[in-house]
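Chemist: TSV, C-alpha atoms and all ligand atoms, file upload_27.tsv:
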```
chain	number	residue	atom	x	y	z
A	8	MET	CA	-20.09	69.41	36.65
A	9	ALA	CA	-16.58	68.19	35.89
A	10	THR	CA	-17.19	68.55	32.15
A	11	LEU	CA	-18.45	72.10	32.65
A	12	LYS	CA	-15.27	72.98	34.62
A	13	MET	CA	-13.15	71.39	31.90
A	14	SER	CA	-14.84	73.36	29.13
A	15	ILE	CA	-14.55	76.62	31.11
A	16	SER	CA	-10.83	76.10	31.62
A	17	TRP	CA	-10.45	75.22	27.93
A	18	PHE	CA	-12.27	78.44	27.12
A	19	PHE	CA	-9.82	80.50	29.20
A	20	PHE	CA	-6.85	78.59	27.83
A	21	LEU	CA	-7.97	79.33	24.26
A	22	GLN	CA	-8.59	82.97	25.10
A	23	ILE	CA	-5.07	83.37	26.53
A	24	LEU	CA	-3.60	81.55	23.54
A	25	PHE	CA	-5.50	83.79	21.16
A	26	SER	CA	-4.43	87.01	22.86
A	27	LEU	CA	-0.81	85.78	22.95
A	28	LEU	CA	-0.94	84.95	19.25
A	29	SER	CA	-2.49	88.27	18.32
A	30	SER	CA	0.15	90.18	20.27
A	31	PHE	CA	2.66	88.37	18.02
A	32	ALA	CA	0.87	89.46	14.83
A	33	PRO	CA	3.74	90.08	12.47
A	34	THR	CA	4.97	93.62	12.05
A	35	ASN	CA	5.90	94.27	8.42
A	36	VAL	CA	9.18	95.80	7.27
A	37	GLN	CA	7.81	99.30	7.61
A	38	GLY	CA	6.56	98.77	11.15
A	39	LEU	CA	2.88	98.40	10.37
A	40	LYS	CA	0.76	95.61	11.75
A	41	VAL	CA	-2.85	94.53	11.94
A	42	GLY	CA	-4.15	95.43	15.40
A	43	PHE	CA	-1.47	98.05	16.19
A	44	TYR	CA	-3.89	99.75	18.64
A	45	ASP	CA	-5.13	96.54	20.33
A	46	LYS	CA	-3.37	97.49	23.59
A	47	SER	CA	-2.99	101.28	23.33
A	48	CYS	CA	-6.56	101.99	22.22
A	49	PRO	CA	-8.56	98.76	22.10
A	50	LYS	CA	-11.74	100.41	20.90
A	51	ALA	CA	-10.07	102.35	18.08
A	52	GLU	CA	-11.33	100.24	15.18
A	53	LEU	CA	-14.85	100.00	16.65
A	54	ILE	CA	-15.02	103.77	17.04
A	55	VAL	CA	-14.00	104.39	13.42
A	56	LYS	CA	-16.43	101.77	12.16
A	57	LYS	CA	-19.30	103.37	14.06
A	58	SER	CA	-18.54	106.82	12.61
A	59	VAL	CA	-18.48	105.40	9.09
A	60	PHE	CA	-21.60	103.25	9.46
A	61	ASP	CA	-23.59	106.09	11.04
A	62	ALA	CA	-22.63	108.46	8.22
A	63	MET	CA	-23.24	105.96	5.44
A	64	LYS	CA	-26.63	105.01	6.81
A	65	LYS	CA	-27.63	108.60	6.06
A	66	ASP	CA	-25.70	108.87	2.80
A	67	PRO	CA	-24.48	105.60	1.21
A	68	THR	CA	-22.89	107.52	-1.69
A	69	LEU	CA	-20.13	108.62	0.71
A	70	GLY	CA	-18.47	105.22	0.26
A	71	ALA	CA	-16.97	106.16	-3.11
A	72	PRO	CA	-15.28	109.44	-2.13
A	73	LEU	CA	-14.00	107.91	1.13
A	74	LEU	CA	-12.32	105.11	-0.82
A	75	ARG	CA	-10.88	107.59	-3.30
A	76	MET	CA	-9.61	109.81	-0.46
A	77	PHE	CA	-7.32	107.02	0.77
A	78	PHE	CA	-5.95	106.49	-2.76
A	79	HIS	CA	-5.30	110.22	-3.15
A	80	ASP	CA	-3.60	110.34	0.24
A	81	CYS	CA	-1.33	107.36	-0.45
A	82	PHE	CA	-0.18	108.42	-3.92
A	83	VAL	CA	0.92	111.87	-2.80
A	84	ARG	CA	3.76	111.76	-0.20
A	85	GLY	CA	2.61	108.29	0.91
A	86	CYS	CA	-0.20	107.30	3.28
A	87	GLU	CA	0.52	109.97	5.87
A	88	GLY	CA	-2.62	112.06	5.95
A	89	SER	CA	-1.33	115.00	3.89
A	90	VAL	CA	-4.58	115.08	1.88
A	91	LEU	CA	-6.35	116.23	5.07
A	92	LEU	CA	-4.12	119.20	5.91
A	93	GLU	CA	-5.29	122.77	5.30
A	94	LEU	CA	-3.04	125.78	4.79
A	95	LYS	CA	-4.13	129.40	5.27
A	96	ASN	CA	-2.91	130.28	1.78
A	97	LYS	CA	-4.91	127.33	0.33
A	98	LYS	CA	-1.83	125.92	-1.38
A	99	ASP	CA	-2.60	122.50	0.09
A	100	GLU	CA	-3.34	119.15	-1.60
A	101	LYS	CA	-7.04	119.57	-0.88
A	102	ASN	CA	-7.20	122.53	-3.26
A	103	ALA	CA	-5.53	120.77	-6.18
A	104	VAL	CA	-7.97	120.10	-9.04
A	105	PRO	CA	-8.26	116.29	-8.68
A	106	ASN	CA	-9.07	116.69	-4.98
A	107	LEU	CA	-11.80	119.31	-5.37
A	108	SER	CA	-14.38	116.55	-5.83
A	109	LEU	CA	-13.31	114.63	-2.71
A	110	ARG	CA	-16.05	114.52	-0.05
A	111	GLY	CA	-16.48	113.14	3.43
A	112	PHE	CA	-13.76	115.03	5.32
A	113	GLU	CA	-16.25	115.54	8.16
A	114	ILE	CA	-16.42	111.75	8.66
A	115	ILE	CA	-12.68	111.72	9.26
A	116	ASP	CA	-13.03	114.65	11.70
A	117	ASN	CA	-15.86	112.93	13.59
A	118	ALA	CA	-14.00	109.65	13.89
A	119	LYS	CA	-10.85	111.45	15.02
A	120	ALA	CA	-12.75	113.52	17.62
A	121	ALA	CA	-14.28	110.35	19.06
A	122	LEU	CA	-10.83	108.70	19.14
A	123	GLU	CA	-9.27	111.69	20.89
A	124	LYS	CA	-11.95	111.43	23.57
A	125	GLU	CA	-11.28	107.73	24.11
A	126	CYS	CA	-7.46	107.76	23.90
A	127	PRO	CA	-5.89	111.16	23.21
A	128	GLY	CA	-2.84	111.39	20.98
A	129	ILE	CA	-2.74	107.71	20.07
A	130	VAL	CA	-4.43	107.07	16.72
A	131	SER	CA	-3.01	108.84	13.66
A	132	CYS	CA	-5.12	110.53	11.00
A	133	SER	CA	-3.41	108.43	8.33
A	134	ASP	CA	-4.59	105.26	10.07
A	135	VAL	CA	-8.08	106.75	10.35
A	136	LEU	CA	-8.07	107.16	6.55
A	137	ALA	CA	-7.03	103.53	6.04
A	138	LEU	CA	-9.66	102.22	8.46
A	139	VAL	CA	-12.38	104.48	7.06
A	140	ALA	CA	-11.68	103.27	3.50
A	141	ARG	CA	-12.05	99.65	4.63
A	142	ASP	CA	-15.15	100.29	6.73
A	143	ALA	CA	-16.81	102.28	3.96
A	144	MET	CA	-16.44	99.22	1.72
A	145	VAL	CA	-17.69	96.88	4.46
A	146	ALA	CA	-20.75	99.14	4.76
A	147	LEU	CA	-21.30	98.39	1.05
A	148	ASN	CA	-21.16	94.65	1.81
A	149	VAL	CA	-17.59	94.09	0.65
A	150	PRO	CA	-15.92	91.34	2.71
A	151	SER	CA	-13.67	92.89	5.35
A	152	TRP	CA	-9.86	92.75	5.38
A	153	GLY	CA	-7.30	93.31	8.14
A	154	VAL	CA	-6.03	96.89	7.93
A	155	GLU	CA	-2.40	97.33	8.90
A	156	THR	CA	-2.01	100.27	11.26
A	157	GLY	CA	0.83	102.09	12.98
A	158	ARG	CA	1.24	104.94	10.48
A	159	ARG	CA	2.18	108.38	11.72
A	160	ASP	CA	1.12	111.67	10.19
A	161	GLY	CA	3.15	113.94	7.92
A	162	ARG	CA	3.58	117.66	8.44
A	163	VAL	CA	3.75	118.83	4.82
A	164	THR	CA	1.15	119.44	2.13
A	165	ASN	CA	1.81	121.05	-1.24
A	166	ILE	CA	-0.76	121.77	-3.93
A	167	ASN	CA	1.90	121.27	-6.64
A	168	GLU	CA	2.55	117.65	-5.73
A	169	VAL	CA	-0.90	116.32	-6.57
A	170	THR	CA	-1.26	116.16	-10.35
A	171	SER	CA	2.31	114.94	-10.80
A	172	ASN	CA	1.71	112.00	-8.46
A	173	LEU	CA	-1.84	110.96	-9.28
A	174	PRO	CA	-2.57	109.06	-12.48
A	175	SER	CA	-4.81	110.91	-14.92
A	176	PRO	CA	-7.96	109.56	-16.61
A	177	PHE	CA	-6.23	110.26	-19.94
A	178	ASP	CA	-3.25	107.99	-19.16
A	179	ASN	CA	-2.33	105.01	-21.31
A	180	ILE	CA	-1.37	101.63	-19.92
A	181	THR	CA	2.41	102.23	-20.06
A	182	SER	CA	2.07	105.38	-18.03
A	183	LEU	CA	-0.30	103.76	-15.51
A	184	ILE	CA	2.01	100.77	-15.00
A	185	THR	CA	5.02	103.09	-14.54
A	186	GLN	CA	3.20	105.28	-12.04
A	187	PHE	CA	1.97	102.35	-9.98
A	188	ARG	CA	5.44	100.79	-10.11
A	189	SER	CA	6.96	104.04	-8.81
A	190	LYS	CA	4.72	103.61	-5.74
A	191	GLY	CA	5.78	99.99	-5.24
A	192	LEU	CA	2.58	98.57	-6.75
A	193	GLY	CA	2.38	95.98	-9.53
A	194	LYS	CA	0.16	95.45	-12.55
A	195	LYS	CA	-2.18	93.29	-10.52
A	196	ASP	CA	-2.65	96.09	-7.98
A	197	LEU	CA	-3.33	98.48	-10.86
A	198	VAL	CA	-6.08	96.39	-12.38
A	199	VAL	CA	-7.58	95.30	-9.05
A	200	LEU	CA	-7.66	98.81	-7.57
A	201	SER	CA	-9.06	100.26	-10.80
A	202	GLY	CA	-12.03	98.04	-9.90
A	203	GLY	CA	-12.76	100.75	-7.29
A	204	HIS	CA	-14.52	102.41	-10.24
A	205	THR	CA	-17.37	99.96	-9.71
A	206	ILE	CA	-18.78	102.68	-7.47
A	207	GLY	CA	-19.09	106.42	-7.78
A	208	ILE	CA	-19.06	109.08	-10.42
A	209	GLY	CA	-16.89	110.95	-12.89
A	210	HIS	CA	-17.57	114.15	-14.84
A	211	CYS	CA	-17.94	115.10	-18.52
A	212	PRO	CA	-14.60	116.93	-18.98
A	213	GLN	CA	-12.78	113.67	-18.24
A	214	ILE	CA	-14.23	112.11	-21.40
A	215	THR	CA	-15.04	115.01	-23.78
A	216	ASN	CA	-12.01	114.15	-25.93
A	217	ARG	CA	-13.14	110.51	-26.21
A	218	LEU	CA	-16.53	111.67	-27.47
A	219	TYR	CA	-15.72	114.60	-29.75
A	220	ASN	CA	-12.07	115.05	-30.62
A	221	PHE	CA	-9.88	112.09	-29.92
A	222	THR	CA	-7.03	112.67	-32.36
A	223	GLY	CA	-7.74	116.29	-33.29
A	224	LYS	CA	-9.89	115.26	-36.26
A	225	ARG	CA	-13.30	115.59	-34.57
A	226	ASP	CA	-13.32	111.84	-34.09
A	227	SER	CA	-14.24	109.64	-31.14
A	228	ASP	CA	-12.12	107.07	-29.31
A	229	PRO	CA	-12.15	103.83	-31.33
A	230	ASN	CA	-11.70	101.95	-28.06
A	231	LEU	CA	-15.07	103.20	-26.80
A	232	ASP	CA	-18.15	101.16	-27.68
A	233	THR	CA	-20.07	103.17	-30.31
A	234	GLU	CA	-23.50	102.76	-28.70
A	235	TYR	CA	-22.13	103.74	-25.32
A	236	ALA	CA	-20.34	106.73	-26.87
A	237	ALA	CA	-23.64	107.89	-28.41
A	238	SER	CA	-25.43	107.70	-25.06
A	239	LEU	CA	-22.58	109.61	-23.39
A	240	ARG	CA	-22.73	112.32	-26.08
A	241	LYS	CA	-26.37	112.88	-25.10
A	242	LYS	CA	-25.29	113.53	-21.50
A	243	CYS	CA	-22.12	115.50	-22.18
A	244	LYS	CA	-22.20	118.39	-24.66
A	245	PRO	CA	-18.68	119.46	-25.73
A	246	THR	CA	-18.51	122.37	-23.27
A	247	ASP	CA	-20.18	120.65	-20.30
A	248	THR	CA	-18.01	120.98	-17.21
A	249	THR	CA	-20.41	119.87	-14.52
A	250	THR	CA	-22.56	116.85	-15.40
A	251	ALA	CA	-21.84	113.78	-13.28
A	252	LEU	CA	-21.61	110.34	-14.89
A	253	GLU	CA	-22.04	107.01	-13.16
A	254	MET	CA	-18.83	105.07	-13.76
A	255	ASP	CA	-20.66	101.74	-13.55
A	256	PRO	CA	-24.09	102.69	-14.94
A	257	GLY	CA	-26.95	100.87	-13.30
A	258	SER	CA	-24.86	99.60	-10.38
A	259	PHE	CA	-22.73	102.60	-9.40
A	260	LYS	CA	-23.84	102.26	-5.77
A	261	THR	CA	-23.01	98.56	-5.60
A	262	PHE	CA	-19.47	97.32	-5.13
A	263	ASP	CA	-19.24	94.32	-7.45
A	264	ALA	CA	-17.20	92.92	-10.34
A	265	SER	CA	-19.44	94.51	-12.99
A	266	TYR	CA	-16.77	97.16	-13.67
A	267	PHE	CA	-14.67	94.43	-15.32
A	268	LYS	CA	-17.56	93.32	-17.50
A	269	LEU	CA	-17.98	96.92	-18.68
A	270	VAL	CA	-14.27	97.34	-19.39
A	271	SER	CA	-14.26	94.05	-21.34
A	272	GLN	CA	-17.17	95.40	-23.43
A	273	ARG	CA	-15.24	98.64	-24.17
A	274	ARG	CA	-17.57	100.53	-21.85
A	275	GLY	CA	-15.03	101.67	-19.31
A	276	LEU	CA	-15.61	105.40	-18.76
A	277	PHE	CA	-12.06	106.76	-18.84
A	278	GLN	CA	-9.16	106.08	-21.21
A	279	SER	CA	-7.36	104.78	-18.11
A	280	ASP	CA	-10.12	102.18	-17.62
A	281	ALA	CA	-10.08	101.16	-21.28
A	282	ALA	CA	-6.27	100.95	-21.14
A	283	LEU	CA	-6.48	97.87	-18.93
A	284	LEU	CA	-7.17	95.89	-22.12
A	285	ASP	CA	-3.86	97.00	-23.63
A	286	ASN	CA	-1.58	94.86	-21.49
A	287	GLN	CA	-1.66	91.08	-21.48
A	288	GLU	CA	-1.61	90.70	-17.70
A	289	THR	CA	-4.17	93.38	-16.87
A	290	LYS	CA	-6.39	92.24	-19.75
A	291	SER	CA	-6.40	88.64	-18.63
A	292	TYR	CA	-7.35	89.77	-15.11
A	293	VAL	CA	-10.24	91.84	-16.49
A	294	LEU	CA	-11.52	88.89	-18.51
A	295	LYS	CA	-11.19	86.48	-15.60
A	296	GLN	CA	-13.37	88.70	-13.41
A	297	THR	CA	-16.20	88.63	-15.96
A	298	LYS	CA	-16.77	84.95	-15.22
A	299	SER	CA	-18.81	84.62	-12.07
A	300	TYR	CA	-17.01	81.38	-11.15
A	301	GLY	CA	-13.59	82.97	-11.78
A	302	SER	CA	-14.06	86.22	-9.92
A	303	THR	CA	-11.47	86.73	-7.23
A	304	PHE	CA	-12.08	90.48	-7.13
A	305	PHE	CA	-13.28	90.85	-3.53
A	306	LYS	CA	-10.39	88.86	-2.09
A	307	ASP	CA	-7.86	90.59	-4.35
A	308	PHE	CA	-9.22	94.02	-3.49
A	309	GLY	CA	-8.41	93.62	0.22
A	310	VAL	CA	-4.88	92.46	-0.61
A	311	SER	CA	-4.21	95.38	-2.97
A	312	MET	CA	-5.68	97.89	-0.50
A	313	VAL	CA	-3.19	96.63	2.09
A	314	ASN	CA	-0.39	96.99	-0.52
A	315	MET	CA	-1.52	100.54	-1.32
A	316	GLY	CA	-1.65	101.32	2.42
A	317	ARG	CA	2.09	100.64	2.67
A	318	ILE	CA	3.14	103.41	0.27
A	319	GLY	CA	5.60	105.84	1.84
A	320	VAL	CA	4.40	105.37	5.40
A	321	LEU	CA	5.93	107.14	8.38
A	322	THR	CA	6.36	104.90	11.42
A	323	GLY	CA	8.29	104.70	14.69
A	324	ARG	CA	9.66	108.12	15.58
A	325	THR	CA	9.04	109.79	12.24
A	326	GLY	CA	6.11	112.17	11.76
A	327	GLU	CA	3.58	112.79	14.52
A	328	VAL	CA	0.10	111.83	15.68
A	329	ARG	CA	-1.95	114.88	14.84
A	330	LYS	CA	-4.49	116.09	17.37
A	331	LYS	CA	-6.71	117.42	14.60
A	332	CYS	CA	-6.51	115.99	11.12
A	333	ARG	CA	-6.77	119.34	9.32
A	334	MET	CA	-3.67	120.84	10.95
A	335	VAL	CA	-0.22	119.86	12.15
A	336	ASN	CA	0.34	119.90	15.94
A	401	LIG	C1	-5.71	103.85	-12.06
A	401	LIG	C2	-5.68	105.15	-12.04
A	401	LIG	C3	-6.87	105.97	-11.67
A	401	LIG	C4	-7.34	107.04	-12.35
A	401	LIG	C5	-6.74	107.65	-13.60
A	401	LIG	C6	-8.52	107.50	-11.67
A	401	LIG	C7	-9.26	108.59	-12.03
A	401	LIG	C8	-10.47	108.95	-11.48
A	401	LIG	C9	-11.27	110.08	-11.89
A	401	LIG	C10	-10.90	111.08	-12.95
A	401	LIG	C11	-12.42	110.05	-11.17
A	401	LIG	C12	-13.60	111.01	-11.26
A	401	LIG	C13	-13.56	112.04	-10.17
A	401	LIG	C14	-14.65	113.07	-10.31
A	401	LIG	O1	-14.92	113.53	-11.41
A	401	LIG	O2	-15.26	113.45	-9.30
A	401	LIG	C15	-12.32	108.93	-10.27
A	401	LIG	C16	-13.30	108.59	-9.38
A	401	LIG	C17	-13.15	107.57	-8.46
A	401	LIG	N1	-12.03	106.81	-8.26
A	401	LIG	FE1	-10.43	106.70	-9.47
A	401	LIG	N2	-8.75	106.69	-10.59
A	401	LIG	C18	-7.77	105.75	-10.55
A	401	LIG	C19	-7.60	104.79	-9.59
A	401	LIG	C20	-8.41	104.65	-8.49
A	401	LIG	C21	-8.12	103.84	-7.35
A	401	LIG	C22	-6.81	103.10	-7.12
A	401	LIG	C23	-9.18	103.92	-6.53
A	401	LIG	C24	-9.38	103.28	-5.19
A	401	LIG	C25	-9.07	102.04	-4.93
A	401	LIG	C26	-10.15	104.78	-7.15
A	401	LIG	C27	-11.40	105.07	-6.67
A	401	LIG	C28	-12.28	105.96	-7.23
A	401	LIG	C29	-13.64	106.14	-6.76
A	401	LIG	C30	-14.33	105.35	-5.68
A	401	LIG	C31	-14.18	107.18	-7.52
A	401	LIG	C32	-15.60	107.78	-7.41
A	401	LIG	C33	-15.55	109.00	-6.50
A	401	LIG	C34	-16.90	109.64	-6.22
A	401	LIG	O3	-17.92	109.11	-6.58
A	401	LIG	O4	-16.87	110.71	-5.59
A	401	LIG	N3	-9.64	105.23	-8.33
A	401	LIG	N4	-11.13	108.27	-10.47
```
Could you quickly redo this structure as structure tokens?
Ligand code: HEM

Modeler:
Amino acid sequence: MATLKMSISWFFFLQILFSLLSSFAPTNVQGLKVGFYDKSCPKAELIVKKSVFDAMKKDPTLGAPLLRMFFHDCFVRGCEGSVLLELKNKKDEKNAVPNLSLRGFEIIDNAKAALEKECPGIVSCSDVLALVARDAMVALNVPSWGVETGRRDGRVTNINEVTSNLPSPFDNITSLITQFRSKGLGKKDLVVLSGGHTIGIGHCPQITNRLYNFTGKRDSDPNLDTEYAASLRKKCKPTDTTTALEMDPGSFKTFDASYFKLVSQRRGLFQSDAALLDNQETKSYVLKQTKSYGSTFFKDFGVSMVNMGRIGVLTGRTGEVRKKCRMVN
């Protein structure tokens, strides 16, 4: 009996200690922290996770566009939900060419509606995007990571800011490194996050030049494996604007390190994937991930997602918490 009492009191002691420690979870310089909603909306993360898991049970291919949506939000005006806003005149980010193939906005709406029911006006749309991106990867069996929250939502969206802020599939390594640096991300983040291309699809126009006219002399990209180029030419005729291509053929639904194996074999789909072999640091990361014993990809991915989630955030009294993610309050 006495031992039982002792272990019960230990249990409560540990619980109190744990909740004290978690309320001291460090807030980073920008005012974000893991568990920002623990007190104000304790079920927030569970609610988002349920929306994502329910949707991905029906359509597992949603994982890829939901991950990409967070990247496209963060690189344009920072992670402040501008990619979700809609303007009557359609001059919003959503209507910019690179965003036309984004999908899954209804998952964000559903999660947000459930959150508004549980705790109105508390959880920002930009945090929903960050949590959804993580949960979509967890639904694909990627080990989870702690998402920093506490972002507030922006009030501006501009169609003209998208292509100038997002890297292009035609970019070389110098340009990619510069663009990531301008967002506060390093070469490691660049190569790790490019590993997001282990899932999902691209389209023929993004590689037509690599297949048919690389330097204007009807040649193909010498950095593209010749056998792979031949198989891609069968799928993409020079004027094809619609055919979808698996970025990681054979395992494009599985989040794994096989992207790096492909890149190391000169089978990365885009010039921007192939470019990772043109810098010593990014190349050595790619090669390291091809060794099953050396692969740190999963762990690194969580770290770089957190880094990306810090780009240009609005916190404290800046911005707002939107009621609906598609419009400002
Ligand atoms: C490094 C610079 C990057 C470039 C140039 C780039 C470019 C592209 C392009 C052109 C597509 C094809 C879109 C389509 O045709 O529908 C794509 C797809 C994708 N990208 Fe990237 N991307 C980059 C970085 C990232 C990052 C940082 C992530 C996330 C961590 C990411 C995640 C994805 C995913 C998951 C898809 C597949 C989307 C789908 O299946 O709907 N990309 N990317």

Chemist: Could you list, with a cut-off of 10 Å and counting only C-alpha atoms, the residues of range 114-204 of chain A near range 238-260 of chain A, each shown with its nearest atom pair and the distance in Å rounded to one decimal, rows sorted by chain and ascending number, as CSV?

Modeler:
```
residue,atom,partner,partner_atom,distance
A:Leu147,CA,A:Lys260,CA,8.2
A:Gly203,CA,A:Met254,CA,9.9
A:His204,CA,A:Met254,CA,6.2
```

Chemist: Could you dump the residues just selected with C-alpha atoms as a PDB file, in the coordinates of the input?

Modeler:
```
ATOM      1  CA  LEU A 147     -21.300  98.390   1.050  1.00  0.00           C
ATOM      2  CA  GLY A 203     -12.760 100.750  -7.290  1.00  0.00           C
ATOM      3  CA  HIS A 204     -14.520 102.410 -10.240  1.00  0.00           C
TER       4      HIS A 204
END
```

Chemist: Just give me the gap between CA of Gly316 in chain A and CA of Ala140 in chain A in Å, one decimal is fine.

Modeler: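 These atoms are spaced 10.3 Å apart.
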
Chemist: Name the closest residue to ligand LIG 401 (chain A) among the candidates A:Leu53, A:Leu92, A:Ala143, A:Leu69; distances are taken between atoms, counting all atoms listed in the file.

Modeler: A:Leu69

Chemist: Using all atoms listed in the file, which residues of the polymer chains come no farther than 7 Å from ligand LIG 401 (chain A)? I'd like the answer as a PDB file with C-alpha atoms, keeping the file's coordinate frame.

Modeler:
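result.pdb was written with the following content:
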```pdb
ATOM      1  CA  ALA A  71     -16.970 106.160  -3.110  1.00  0.00           C
ATOM      2  CA  PRO A  72     -15.280 109.440  -2.130  1.00  0.00           C
ATOM      3  CA  LEU A  74     -12.320 105.110  -0.820  1.00  0.00           C
ATOM      4  CA  ARG A  75     -10.880 107.590  -3.300  1.00  0.00           C
ATOM      5  CA  PHE A  78      -5.950 106.490  -2.760  1.00  0.00           C
ATOM      6  CA  PRO A 105      -8.260 116.290  -8.680  1.00  0.00           C
ATOM      7  CA  SER A 108     -14.380 116.550  -5.830  1.00  0.00           C
ATOM      8  CA  LEU A 109     -13.310 114.630  -2.710  1.00  0.00           C
ATOM      9  CA  ARG A 110     -16.050 114.520  -0.050  1.00  0.00           C
ATOM     10  CA  PRO A 174      -2.570 109.060 -12.480  1.00  0.00           C
ATOM     11  CA  SER A 175      -4.810 110.910 -14.920  1.00  0.00           C
ATOM     12  CA  PRO A 176      -7.960 109.560 -16.610  1.00  0.00           C
ATOM     13  CA  PHE A 177      -6.230 110.260 -19.940  1.00  0.00           C
ATOM     14  CA  ASP A 178      -3.250 107.990 -19.160  1.00  0.00           C
ATOM     15  CA  LEU A 183      -0.300 103.760 -15.510  1.00  0.00           C
ATOM     16  CA  LEU A 197      -3.330  98.480 -10.860  1.00  0.00           C
ATOM     17  CA  LEU A 200      -7.660  98.810  -7.570  1.00  0.00           C
ATOM     18  CA  SER A 201      -9.060 100.260 -10.800  1.00  0.00           C
ATOM     19  CA  GLY A 203     -12.760 100.750  -7.290  1.00  0.00           C
ATOM     20  CA  HIS A 204     -14.520 102.410 -10.240  1.00  0.00           C
ATOM     21  CA  ILE A 206     -18.780 102.680  -7.470  1.00  0.00           C
ATOM     22  CA  GLY A 207     -19.090 106.420  -7.780  1.00  0.00           C
ATOM     23  CA  ILE A 208     -19.060 109.080 -10.420  1.00  0.00           C
ATOM     24  CA  GLY A 209     -16.890 110.950 -12.890  1.00  0.00           C
ATOM     25  CA  HIS A 210     -17.570 114.150 -14.840  1.00  0.00           C
ATOM     26  CA  GLN A 213     -12.780 113.670 -18.240  1.00  0.00           C
ATOM     27  CA  SER A 279      -7.360 104.780 -18.110  1.00  0.00           C
ATOM     28  CA  MET A 312      -5.680  97.890  -0.500  1.00  0.00           C
TER      29      MET A 312
END
```

Chemist: Nearest residue to Tyr44 in chain A out of A:Arg158, A:Lys331, A:Arg225, A:Lys190, using all atoms listed in the file?

Modeler: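 The shortest atom-to-atom distance to Tyr44 in chain A comes from A:Arg158.
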
Chemist: Just give me the gap between CA of Gly309 in chain A and CA of Ile54 in chain A in Å, one decimal is fine.

Modeler: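 Between these atoms lies a distance of 20.7 Å.
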
Chemist: Write out as a ChimeraX atom specification which residues come within 10 Å of Val198 in chain A when counting only C-alpha atoms, dropping same-chain ones fewer than 6 positions away.

Modeler: /A:183-184,267,280,282-284,288-293,304,308,311

Chemist: In Å, how far is it from CA of Thr303 in chain A to CA of Glu155 in chain A?

Modeler: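 Pair CA of Thr303 in chain A / CA of Glu155 in chain A returns 21.3 Å.
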
Chemist: A:Thr261, A:Thr297, A:Asn96, A:Asn102: which is nearest Asn167 in chain A, counting only C-alpha atoms?

Modeler: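 The shortest atom-to-atom distance to Asn167 in chain A comes from A:Asn102.
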
Chemist: Here is a test: counting only C-alpha atoms, which residue of A:Lys46, A:Asp134, A:Lys101, A:Asn179 is nearest to Ala118 in chain A?

Modeler: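 So, comparing all the options, the nearest one is A:Asp134.
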
Chemist: Which residues are close to Thr233 in chain A, i.e. within 12 Å by all atoms listed in the file, leaving aside same-chain residues fewer than 3 positions away? Reply as a list in words.

Modeler: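 So the residues in contact are Arg217, Leu218, Asp226, Ser227, Asp228, Pro229, Asn230, Ala236, Ala237, Ser238, Leu239, Arg240, Gln272, Arg273 and Arg274 of chain A.
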
Chemist: Take the residues just selected and output them with C-alpha atoms as a PDB file, in the frame of the given file.

Modeler:
```pdb
ATOM      1  CA  ARG A 217     -13.140 110.510 -26.210  1.00  0.00           C
ATOM      2  CA  LEU A 218     -16.530 111.670 -27.470  1.00  0.00           C
ATOM      3  CA  ASP A 226     -13.320 111.840 -34.090  1.00  0.00           C
ATOM      4  CA  SER A 227     -14.240 109.640 -31.140  1.00  0.00           C
ATOM      5  CA  ASP A 228     -12.120 107.070 -29.310  1.00  0.00           C
ATOM      6  CA  PRO A 229     -12.150 103.830 -31.330  1.00  0.00           C
ATOM      7  CA  ASN A 230     -11.700 101.950 -28.060  1.00  0.00           C
ATOM      8  CA  ALA A 236     -20.340 106.730 -26.870  1.00  0.00           C
ATOM      9  CA  ALA A 237     -23.640 107.890 -28.410  1.00  0.00           C
ATOM     10  CA  SER A 238     -25.430 107.700 -25.060  1.00  0.00           C
ATOM     11  CA  LEU A 239     -22.580 109.610 -23.390  1.00  0.00           C
ATOM     12  CA  ARG A 240     -22.730 112.320 -26.080  1.00  0.00           C
ATOM     13  CA  GLN A 272     -17.170  95.400 -23.430  1.00  0.00           C
ATOM     14  CA  ARG A 273     -15.240  98.640 -24.170  1.00  0.00           C
ATOM     15  CA  ARG A 274     -17.570 100.530 -21.850  1.00  0.00           C
TER      16      ARG A 274
END
```

Chemist: Between A:Val335, A:Lys306, A:Asp232, A:Ser299, which one has atoms that come closest to Ser271 in chain A, using all atoms listed in the file?

Modeler: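 Answer, going by the shortest atom-to-atom distance: A:Asp232.
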
Chemist: Please provide the set of residues having any atom within 12 Å of Val313 in chain A, restricted to all atoms listed in the file, with same-chain residues fewer than 3 positions apart removed, written as a compact mmCIF listing (two decimals) with C-alpha atoms, keeping the file's coordinate frame.

Modeler:
```txt
# COMPACT_ATOMS: atom_id res chain seq x y z
CA ASN A 35 5.90 94.27 8.42
CA LEU A 39 2.88 98.40 10.37
CA LYS A 40 0.76 95.61 11.75
CA VAL A 41 -2.85 94.53 11.94
CA PHE A 77 -7.32 107.02 0.77
CA PHE A 78 -5.95 106.49 -2.76
CA CYS A 81 -1.33 107.36 -0.45
CA CYS A 86 -0.20 107.30 3.28
CA ASP A 134 -4.59 105.26 10.07
CA ALA A 137 -7.03 103.53 6.04
CA LEU A 138 -9.66 102.22 8.46
CA ALA A 140 -11.68 103.27 3.50
CA ARG A 141 -12.05 99.65 4.63
CA SER A 151 -13.67 92.89 5.35
CA TRP A 152 -9.86 92.75 5.38
CA GLY A 153 -7.30 93.31 8.14
CA VAL A 154 -6.03 96.89 7.93
CA GLU A 155 -2.40 97.33 8.90
CA THR A 156 -2.01 100.27 11.26
CA LEU A 192 2.58 98.57 -6.75
CA ASP A 196 -2.65 96.09 -7.98
CA LEU A 200 -7.66 98.81 -7.57
CA LYS A 306 -10.39 88.86 -2.09
CA ASP A 307 -7.86 90.59 -4.35
CA PHE A 308 -9.22 94.02 -3.49
CA GLY A 309 -8.41 93.62 0.22
CA VAL A 310 -4.88 92.46 -0.61
CA GLY A 316 -1.65 101.32 2.42
CA ARG A 317 2.09 100.64 2.67
CA ILE A 318 3.14 103.41 0.27
```
